[in-house]
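Data first, discussion second: the structure below is written as structure tokens.
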Amino acid sequence: MKIAITAKGKELGSDIDPRFGRCGYFVIVDTDTMEFEAVINEGAMASGGAGPQAAQTVSKTGAKVLITGNVGPNAHHALEAAGIEIIAGSSGQVVDMVERYKKGELSSTTAPTVGSHAGMR
């Protein structure tokens, strides 16, 4: 299964970016093979609507799960509408979160974790 993880860099050893809509990259990992690719978050510099734009990017990758630090209300709604499971509150390195996900140690988030425009601060 493909999962998307917000990251500050392009590698499995990159740190998790705590922001969803304004993260630098999404590292897309196949949990069966551990093959991965980094996708630039083109919505990160948007003047508005970064969360929904980022959700669209994640949806296009085919990822079924998103792992991030925080997710705002507009992004949460867009991800939910796309059928993507949201796991927030994550920190550390991408590879660590993949391993924790595979072990069943992470829980889904059912509501936004920050208010609108939180990643711009």
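Letters A, B, ... mark the chains of the structure tokens in the order given; residue numbers begin at 1 per chain; ligand numbers begin at 1, in order shown.
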Open item on the list: If we count only C-alpha atoms and set the cut-off at 9 Å, which residues sit around Ala38 (chain A), ignoring sequence neighbours fewer than 3 positions away in its own chain? Please answer as a PyMOL selection string.
Closed with: chain A and resi 7+9-11+25-29
Open item on the list: Can you pull out every residue from region 67-116 of chain A that DSSP, working from the backbone, puts in strand (DSSP E or B), and format the result as a ChimeraX atom specification?
Closed with: /A:67,85-87,93
Same residues, N, CA and C atoms, saved as a PDB file, in the first residue's frame:
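Full text of result_15.pdb as output:
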```pdb
ATOM      1  N   ILE A  67       0.535  10.595   6.619  1.00  0.00           N
ATOM      2  CA  ILE A  67       1.134  10.749   7.940  1.00  0.00           C
ATOM      3  C   ILE A  67       1.770  12.137   7.982  1.00  0.00           C
ATOM      4  N   GLU A  85      -6.903   8.149   4.595  1.00  0.00           N
ATOM      5  CA  GLU A  85      -6.804   8.068   6.055  1.00  0.00           C
ATOM      6  C   GLU A  85      -5.763   9.079   6.528  1.00  0.00           C
ATOM      7  N   ILE A  86      -6.046   9.785   7.606  1.00  0.00           N
ATOM      8  CA  ILE A  86      -5.158  10.830   8.118  1.00  0.00           C
ATOM      9  C   ILE A  86      -4.605  10.408   9.469  1.00  0.00           C
ATOM     10  N   ILE A  87      -3.286  10.446   9.578  1.00  0.00           N
ATOM     11  CA  ILE A  87      -2.614  10.188  10.845  1.00  0.00           C
ATOM     12  C   ILE A  87      -1.790  11.427  11.161  1.00  0.00           C
ATOM     13  N   GLN A  93      11.676  10.873  11.926  1.00  0.00           N
ATOM     14  CA  GLN A  93      12.069  10.645  10.543  1.00  0.00           C
ATOM     15  C   GLN A  93      11.011   9.843   9.798  1.00  0.00           C
TER      16      GLN A  93
END
```
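With CA of Phe36 (chain A) on one side and CA of Ala4 (chain A) on the other, the separation reads 9.6 Å.
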Open item on the list: Could you check the closest approach to Lys60 (chain A) for each of A:Met34, A:Met45, A:Met97, A:Ile3 and tell me which residue wins, using only C-alpha atoms?
Closed with: A:Ile3
Task: Residue list (helix (DSSP H, G or I), DSSP) for chain A, as number ranges by chain - done: A: 42-45, 50-61, 73-81, 94-102, 118-120
Let me see the file: selected residues, N, CA and C atoms, as a short mmCIF file (atom, residue, chain, number, x, y, z; two decimals), in the first residue's frame.
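Result file follows (result.cif):
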```
data_model
loop_
_atom_site.label_atom_id
_atom_site.label_comp_id
_atom_site.auth_asym_id
_atom_site.auth_seq_id
_atom_site.Cartn_x
_atom_site.Cartn_y
_atom_site.Cartn_z
N GLU A 42 3.74 21.48 -4.52
CA GLU A 42 3.67 22.72 -5.29
C GLU A 42 2.72 23.74 -4.66
N GLY A 43 1.84 23.31 -3.77
CA GLY A 43 0.92 24.23 -3.11
C GLY A 43 1.53 24.93 -1.91
N ALA A 44 2.75 24.57 -1.54
CA ALA A 44 3.37 25.12 -0.34
C ALA A 44 3.50 26.63 -0.37
N MET A 45 3.69 27.20 -1.52
CA MET A 45 3.89 28.64 -1.62
C MET A 45 2.63 29.38 -2.07
N ALA A 50 -3.61 26.28 0.41
CA ALA A 50 -2.49 25.33 0.36
C ALA A 50 -2.91 23.93 0.79
N GLY A 51 -3.76 23.84 1.82
CA GLY A 51 -4.19 22.53 2.30
C GLY A 51 -4.95 21.73 1.26
N PRO A 52 -6.00 22.30 0.67
CA PRO A 52 -6.71 21.56 -0.37
C PRO A 52 -5.83 21.23 -1.59
N GLN A 53 -4.92 22.14 -1.95
CA GLN A 53 -4.01 21.86 -3.07
C GLN A 53 -3.10 20.69 -2.72
N ALA A 54 -2.59 20.68 -1.50
CA ALA A 54 -1.73 19.58 -1.05
C ALA A 54 -2.51 18.27 -1.02
N ALA A 55 -3.76 18.32 -0.60
CA ALA A 55 -4.60 17.12 -0.57
C ALA A 55 -4.78 16.56 -1.98
N GLN A 56 -4.95 17.44 -2.95
CA GLN A 56 -5.09 17.00 -4.34
C GLN A 56 -3.80 16.32 -4.82
N THR A 57 -2.66 16.88 -4.45
CA THR A 57 -1.37 16.28 -4.82
C THR A 57 -1.25 14.88 -4.23
N VAL A 58 -1.57 14.74 -2.95
CA VAL A 58 -1.49 13.43 -2.30
C VAL A 58 -2.44 12.45 -2.98
N SER A 59 -3.64 12.88 -3.28
CA SER A 59 -4.63 12.02 -3.92
C SER A 59 -4.13 11.50 -5.27
N LYS A 60 -3.46 12.36 -6.03
CA LYS A 60 -2.94 11.97 -7.35
C LYS A 60 -1.84 10.91 -7.27
N THR A 61 -1.18 10.79 -6.12
CA THR A 61 -0.10 9.81 -5.99
C THR A 61 -0.63 8.40 -5.78
N PRO A 73 -8.43 22.41 8.97
CA PRO A 73 -9.80 22.01 8.64
C PRO A 73 -10.07 21.84 7.14
N ASN A 74 -9.58 22.74 6.31
CA ASN A 74 -9.84 22.62 4.86
C ASN A 74 -9.12 21.41 4.28
N ALA A 75 -7.89 21.20 4.70
CA ALA A 75 -7.14 20.04 4.23
C ALA A 75 -7.77 18.75 4.74
N HIS A 76 -8.18 18.74 5.99
CA HIS A 76 -8.81 17.55 6.57
C HIS A 76 -10.04 17.17 5.77
N HIS A 77 -10.85 18.16 5.46
CA HIS A 77 -12.07 17.90 4.68
C HIS A 77 -11.74 17.34 3.30
N ALA A 78 -10.75 17.95 2.62
CA ALA A 78 -10.37 17.51 1.28
C ALA A 78 -9.80 16.09 1.29
N LEU A 79 -8.98 15.78 2.28
CA LEU A 79 -8.40 14.43 2.39
C LEU A 79 -9.48 13.40 2.69
N GLU A 80 -10.37 13.75 3.59
CA GLU A 80 -11.48 12.86 3.94
C GLU A 80 -12.35 12.59 2.71
N ALA A 81 -12.64 13.64 1.94
CA ALA A 81 -13.46 13.50 0.73
C ALA A 81 -12.77 12.59 -0.29
N VAL A 94 10.98 10.04 8.50
CA VAL A 94 10.02 9.36 7.63
C VAL A 94 10.08 7.85 7.84
N VAL A 95 11.25 7.28 7.78
CA VAL A 95 11.41 5.82 7.89
C VAL A 95 10.85 5.30 9.22
N ASP A 96 11.02 6.06 10.29
CA ASP A 96 10.50 5.64 11.59
C ASP A 96 8.97 5.58 11.58
N MET A 97 8.35 6.56 10.93
CA MET A 97 6.89 6.59 10.87
C MET A 97 6.35 5.45 10.00
N VAL A 98 7.07 5.11 8.94
CA VAL A 98 6.66 3.98 8.10
C VAL A 98 6.69 2.70 8.93
N GLU A 99 7.75 2.49 9.68
CA GLU A 99 7.87 1.28 10.50
C GLU A 99 6.78 1.24 11.57
N ARG A 100 6.52 2.37 12.20
CA ARG A 100 5.46 2.42 13.22
C ARG A 100 4.09 2.15 12.59
N TYR A 101 3.87 2.66 11.39
CA TYR A 101 2.62 2.40 10.69
C TYR A 101 2.46 0.90 10.41
N LYS A 102 3.53 0.30 9.91
CA LYS A 102 3.49 -1.13 9.57
C LYS A 102 3.23 -1.99 10.80
N ALA A 118 -2.68 27.81 9.98
CA ALA A 118 -1.69 27.56 11.02
C ALA A 118 -0.27 27.43 10.48
N GLY A 119 -0.11 26.86 9.30
CA GLY A 119 1.22 26.63 8.75
C GLY A 119 1.92 27.88 8.23
N MET A 120 1.20 29.00 8.20
CA MET A 120 1.79 30.23 7.69
C MET A 120 2.55 30.99 8.76
#
```
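Ranking A:Thr68, A:Gly83, A:Gly92, A:Gly21 by their shortest atom-to-atom distance to Ser107 (chain A), with only C-alpha atoms included, puts A:Thr68 first.
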TODO: Go through A:Lys8, A:Asp30, A:Glu105, A:Gly49 and flag the residue nearest Lys64 (chain A), using only C-alpha atoms for the distances.
DONE: A:Asp30
- [ ] Would you please work out which residue, of A:Asn70, A:Ser90, A:Thr113, A:Thr6, is nearest to Ile40 (chain A) when using only C-alpha atoms?
- [x] A:Thr6
Task: Among the residues A:Val65, A:Arg22, A:Gly104, A:Gly89, the one that comes closest to Ser47 (chain A) [using only C-alpha atoms] - done: A:Arg22
- [ ] Grab the CA of Gly62 (chain A) to CA of Lys2 (chain A) distance for me, in Å with one decimal place.
- [x] 6.7 Å
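Picture a line from CA of Ile5 (chain A) to CA of Ala46 (chain A); it runs 19.7 Å.
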